[in-house]
Structure formats: structure tokens, C-alpha cells
There are 4 protein chains.
Amino acid sequence: MTGESGKGAGASPARRRGPSPEKTARTRAAIVEAAMAEFLERGYSASTMAGVARRAGIAKGTIYLYFPTKEALFAGIVRDIVTNPLREAEEQEIGPDETVADYFRRTLVPVMRRIESGGRAAVARLILAEGARIPVLAEVYRQDVFLPLIEHIRLHAARAVKRGEAGGEILARHPHLLLAPLWVGMVNNGVIAPQHPVDIGALFEASLSLIFR
Amino acid sequence: MTGESGKGAGASPARRRGPSPEKTARTRAAIVEAAMAEFLERGYSASTMAGVARRAGIAKGTIYLYFPTKEALFAGIVRDIVTNPLREAEEQEIGPDETVADYFRRTLVPVMRRIESGGRAAVARLILAEGARIPVLAEVYRQDVFLPLIEHIRLHAARAVKRGEAGGEILARHPHLLLAPLWVGMVNNGVIAPQHPVDIGALFEASLSLIFR
Amino acid sequence: MTGESGKGAGASPARRRGPSPEKTARTRAAIVEAAMAEFLERGYSASTMAGVARRAGIAKGTIYLYFPTKEALFAGIVRDIVTNPLREAEEQEIGPDETVADYFRRTLVPVMRRIESGGRAAVARLILAEGARIPVLAEVYRQDVFLPLIEHIRLHAARAVKRGEAGGEILARHPHLLLAPLWVGMVNNGVIAPQHPVDIGALFEASLSLIFR
Amino acid sequence: MTGESGKGAGASPARRRGPSPEKTARTRAAIVEAAMAEFLERGYSASTMAGVARRAGIAKGTIYLYFPTKEALFAGIVRDIVTNPLREAEEQEIGPDETVADYFRRTLVPVMRRIESGGRAAVARLILAEGARIPVLAEVYRQDVFLPLIEHIRLHAARAVKRGEAGGEILARHPHLLLAPLWVGMVNNGVIAPQHPVDIGALFEASLSLIFR
DNA sequence: GATGAATGAGGATTCATTCAT
DNA sequence: AATGAATGAATCCTCATTCAT
């Protein structure tokens, strides 16, 4: 609930003194967006309030009208960043005759391929970096992204077992295996060896083939 | 050997005046240990040289006799923690009748099981966190750990192919796959969900079984 | 304009929020004055930003709002002190019937006589002292003071030659000769023998008489 | 009396424990030489005891066996540096039929031409730089170099007056004038415009010609 | 005498935060 | 609500000086 854009959508005809609510909302949005970019690009410590303000095109002091401290700004922003990019994939239904392998291939591969654009690796880095010190960060990520995804995998693994599809057993026991290629890929491409990126999609498909024979 | 003073590894028999070599070795060790703790606990940016000195029970300036900058200290620590354990595994020879799968099982599983003790996961977190902004970090890790390991895997994958062992092909094409369980595990256990740790060793064995049928 | 923030010389009619322009101008002036005193009194290296701030009655950080580095502050101060007084002399026109000797006597002697008040000699000392190590210093002095003055002298020497006034030739060949009394004087009075000051003005006039017979 | 090389030249047959006096003298000389180079090259503040030690090929601590503080080292060294380079010239007798102008031309011009080699400009800079803060510096220079030279000039100017040689009067009144070209030259060539050096010898000769018609 | 590791005060610079306008 | 000048604590790093060996 960080990005709420106003106090009731209805046209409140009672004009208020001072800036309009829309203006305020716009300012807030500018801060959020600027902070997002700043934190993703530089990490928490290396980001400066001045930098955020500059990016947002406002004065330093203004930020403090919306967020009491740098840490509060960070925590607020993170919630916005860490919306589950996989939710869409999770919400897709499996077809009646579709194997679990095919289902994962159909719904997850495209997401994996897109995972690196939009600074997803940067987000991962952010969470890994500050997660231990700013617990809310890891917390949000775990609750909104990680656990649901693991649960999703476990669920369909159970289905595969029930249907007698090969690979169900192992995935049911080790649902993390399905995510493994994603992390090696993000780590490799984002930090360790950006010069020699691996194809996360291909890695994922290879892994999928292995699991489901 | 990046950025350390490194007083010559050879035993120079030239009599030293002043403090004994043991003393300096002890000082150096104290710095390394203190820095390790500090960086692991707080991350790079939030750590201070003063804090390291305090922990080590020495003066601020003393650190600079051993490491020219904070960055060099960081890189030095990372190397110390991360490099050695894997090298040991890589140096083991494969037996004449041993399958590649067995070889990996024999040499790598123990390492994987030990990977989390001694703050290995924490170091990984550090590298991911700061690697993008402190290039020397990712550099050290890439050169000393990552690439050698990938090469090691590729080499034995080729051997598996030559011997007609199943799984060789896919591993030769995607050597990163073998490391994938390690990373999900470290990420999961170290940051995202330390309350629900996965068994990295088991994950790795499962993955190995999948790859080599 | 090297290294100063320079908030736009044009009168931007855009209403300012926050502190008034007068206030900032006053702050800036306080910094300049304090820095001047500090540098003249202690030299560059021995001066501290904290000392300047204390003298100016402001916080350390405030200085950095106006000058990005200690070096820039130094260069800025030097320019302020040194540049203007000679420009005034150079801008004066020579009269149609005025000999070059008279022109120099009329325009330069007063400047020479005033050269020691306002810490001019101290500045010269600063430039000589630090010029070799802080190149921007010598640079500023050379570009803003020295070369223009030499050029000015050369120009009028040429005029003297054309008019057949005695001394033109030698001055055209050695324009530095005209400045020589100034430097002996500053050096003698400022450092070597302040107890036995020489009269720079008199020295200059004597030199002028010699050159122009 | 800074460079004295031992305790009595006679062969004291009583062998002493520890290093020989010659060794000590050599160490001291090495320090002096190194410090000289260091101070001339970098100035006082920018010079470091470590740098001096490195240059001298000894340990930092050793310097303190010979000079109690950095300042003492500086002051000691300066005396060695500031030996009058003109003493030789001053000691030459004027010939019975030689004009004062010729005498100066004969004895001073060669010195002037040599004045820039051997870091003379650097010495001047050193004295100007620190003279105000370390009074002994200017003091030594004044007593050993400056005043004797001025006196020397004044003396011969008086002689020129007595003999009715032109220029005597003005030089008697303004002896500094004779040194003026030297200072402009050193200042110009050493700091302000090393790229456009003036020929100090030529400048001096021109000045001499002017003074003595 | 000689060494060089150790010390710690001190200095330039940054930046989150405040507050008068 | 918005501004941005001002603050000063905090940080990295340097270097004269000491002293155990």
C-alpha cells in the first residue's frame, strides 16, 4: 500500500488550500520512482537523499515530507519493487491434458526469459545485500515471491506424482531445484560474469528436461 | 595477491630487527579475523575501519600497514574465505574406474555440505551485494573460484561424454547447472528463508542424480 | 571561474525559496575572508578547512557548498586577491601626447605603492610557495595576472619604439625588467627582511628612469 | 656547523663498541642529503619522514637518532642548503683599472647563468614558502646570503660613485635593483611560467647596461 | 646504533537531517 | 507544501613519533 494515489477518487468539490491532492500524489510518485532507480542502481548505502531528490526533480527537504528517514524510504520503495513477477505465471491454469512439464514450460519459460530485463538482477542483489540488515526486505520477498512460488511448484509436483508423470517425486521433495537455474543465471549474469552471460531460459529448459526426463 | 603487502613468502633468513615475524603474523591474523566478522555482520559499506580495528584490538593506522585500503582489505578477506575450500576439491584426481558422477559425488558433496559453515554463504551474499559496485570483488571471485570451477566441471563433463556416461552432453553444454543447487541453497538459507533451510548437500545429490540419470 | 559553484551571474527573477540571496552572499563573503586570512597566515598546507570554518563562524560542511575542495577554495581566494588591482591599471588609456614612460609612471606607480597592503605580498609568497605543487595556482596567476601584464608592457614598449622614445627597444626585448623591482621588493619586504623594507614605489620609479633614460 | 664529520681527526686507537664513527657520519650524511632532496622537491609539509628515510636507505626511526623532530631536521638541512652561492663571486677582487660595471659583469654574470641549476629556484621557493613560519629559515638566508650581497653591491656602488662612473649613484641608493632580474627570473622560470623561461643572464646584463648606461 | 611495527591525533570530505523562508 | 542552505557527526586515510626487539 505504498503507492496509493489519492484520497478517494470522487470529485471532492470543496477546494483545498495549498497544492491539490493530485500534485501531492504526483510528487510522491516522483520520489518513489526516483528512489527506486537510485537504490537499484547504487544499493542502499551508496544512494543519497540528494541523488534521489535530483532524480525526482525536487528539493532534498521535500522527501522528508513524505518519508521520515532514508530507511523508511528504502523500506517503502522495496515493497513496490518486489511485486511478484511470477504471479502472472502462477495464476495460469494447467490444461486438463497438459503434463506438468509442459505446463511449466509454457508458463515459466517466458517469465525466465524476461527476468533479466527491468533490473530484476538488481533487485535480487538489493535483497541479498540488505536483506540481512533490514529484515523487512527479505520478509517481503519471502512472503510475496519466494514461498508462493515454492508452494506453486510443490502443488504441481504433487499433481505430477498423482498422474504418474516422471520427475514428480524428486520435484516434490526438492521444489527449490526448479528455481536453481534462475539463481545461477541471475548471479552469473548480474554480478559474477556479466561478460559471459548464460541463457537463463535455455538453462531452465535443460533443467526441466532433466527433471521430467 | 591483490592489494596486500605480502612480505615475500620465501623464508628470508636475513635477521629482522624490531618485532618478531610471529608478532606481525598474529597482528595480521587478528585483522583478518576482525574484518571478516565485521564485514559479514554489517556488509561492506556499513563496516568501518575503526570498527575493524576495535575488534582486532589494534590502532586504526595499523590496518593500513597490512592492507592499503578498505577495499583491498575486503577483497583480501573474501579471497581468504572463499578460495581455498574449493581448490582442495578440484585438486583431487578422478580414479581410473570412477565414473564422473561418482567423482563429483565423492569430491564435491562434502564441500557443499560444509559450504555454509565458516560463513561461506555470508561471503557469497557479500559478493552479490557489493560485486557490482566494487569490481575487484566480483573479479576475485570470478577468477579464483567461479571460472576454475566451471572449467573443472566442463573438463570432466567432456570426459564423461568420451566415456559414454549419461549426462555428459548436457553438463558439457550447461556446466552452470551443477552449481545451481549451491546458489539456491545459499540464497535460501542465508537470506530469504533461514528459518526453513534446505539441505544443500541433498539438493546437490539430487541434482547430480538427475544429470547423470 | 575555476571550481567555484557560481550560481549564475544573471539575475534570475525566479523567486527563491529558502534563505535570501543576501544571506548566501554574506556566507560566501565570510568564507572568502576567513580563508584569505587563514591561508595568508599559515600557508596552504598548514591551513585547515576546520580552521577556515571556525574563523568564518560556520560549519565545516558549509564551505563545501561554495567550494568543492580545499584546492578550489585556495585558487578562488588567490584569484580574488590578486587579479583585480592590476586590471584597473591595464585598462587605463594612454594619452595622445603622453610618453610611455609617463604613462607607466602614472598608472603603475600607484599600484606598486599599494601592492603591499591587502596582503598582496603574502599572496605572492603563497604562489611561489605552492605554485609548483598546486599547478592551478600558478596557472591562475600566469593567465590572469602575469601574461596580461607582460603583454601590456610589450605593447606599450612597441609603441615607445615606434615613437622613437628611448628605452623602448630594451623593454620590448625584456619586458620582465619592468616587473623586476616589484618582485625584489615583495620578496625582501615580505619574507627575507621585513625589518628593512625597501620602498617598492621608489624602486619602481628608479627602474623606470633607468629604462627610459 | 651541521655537517661536521667526526670527533677529532686524530687516529684514536681505542676501539669503540658498536658502529664506527665513520659509519655514523655516513648515516648522518645520508639523512641530510635525502632530506635536502625531499624538502626541495616537495616542500616542508608535503615531505614525510618516511620519504626521507626511504631516500636515505635507512629506517624511519633512525632519523630520530640524529634529529629530534621533523622541524629540527628541516632547520638543520636548510643551513646546509643555503650556502651562499655568490660568496665565490663576492670574494673576487676588482682590478685596479676595472670599472665596477665590468667587475660585476665579470663576476656576477656567470653566477647568474648558473643560478638555476642545482635547484636554486627550489631553494628560493622553500625559503619563501616556509620563511614566514619558520623564522630561522629567512634569518639564515638573510644573514648568509642576502645582506652580504647587498652590502657587497653597496660597497662597489660607492666605489663607482667615487670614481665618477655613471650609475653609481642610483645603485648606491637602490642596491636591490641589481638583484631584481635574478628574482623575476627565478620566479618566472621556477614557478609562474617554466614553459616560457627567460634568460636570467641576458636579463642581468641588460639591467647592468641600463644601470651603468 | 638500528629497525620498522604500532600508535592515534588530525585532516579532507560526505551526507542525512533540520529549519528559516 | 516546498525549498535548499546550513549543520556536524562520521568516515577513510596519513604521518610524526615511539619503543620493543
# chains A, B, ... in the order shown; residues from 1 in each chain; ligands from 1

$ interface_residues --of "chain F" --to "chain D" --cutoff "12 Å" --atoms "only C-alpha atoms (C1' of nucleotides)" --output "list of chain:residue names"
F:DT14, F:DC15, F:DA16, F:DT17, F:DT18, F:DC19

$ atom_distance --atom1 "CA of Gln195 (chain D)" --atom2 "CA of Gly43 (chain D)"
21.2 Å

$ interface_residues --of "chain E" --to "chain D" --cutoff "9 Å" --atoms "only C-alpha atoms (C1' of nucleotides)" --output "ChimeraX atom specification"
/E:1-4

$ interface_residues --of "chain A" --to "chain B" --cutoff "9 Å" --atoms "only C-alpha atoms" --output "VMD selection string"
chain A and resid 42 to 43 45 to 46 124 to 133 138 to 139 141 to 142 146 to 147 170 174 176 to 177 179 to 185 187 to 188 190 to 193 198 202 to 203 206 to 207 210 to 211 213

$ residues_around --residues "Arg163 (chain A)" --least-positions-apart "5" --cutoff "12 Å" --atoms "only C-alpha atoms (C1' of nucleotides)" --output "VMD selection string"
chain A and resid 96 to 101 156 to 158 168 to 169

$ select_by_dssp --residues "region 51-177 of chain D" --states "alpha helix (DSSP H)" --output "VMD selection string"
chain D and resid 51 to 56 60 to 66 70 to 81 87 to 91 100 to 114 120 to 130 135 to 141 147 to 163 168 to 173 176 to 177

$ atom_distance --atom1 "CA of Glu88 (chain D)" --atom2 "CA of Ala160 (chain D)"
21.2 Å
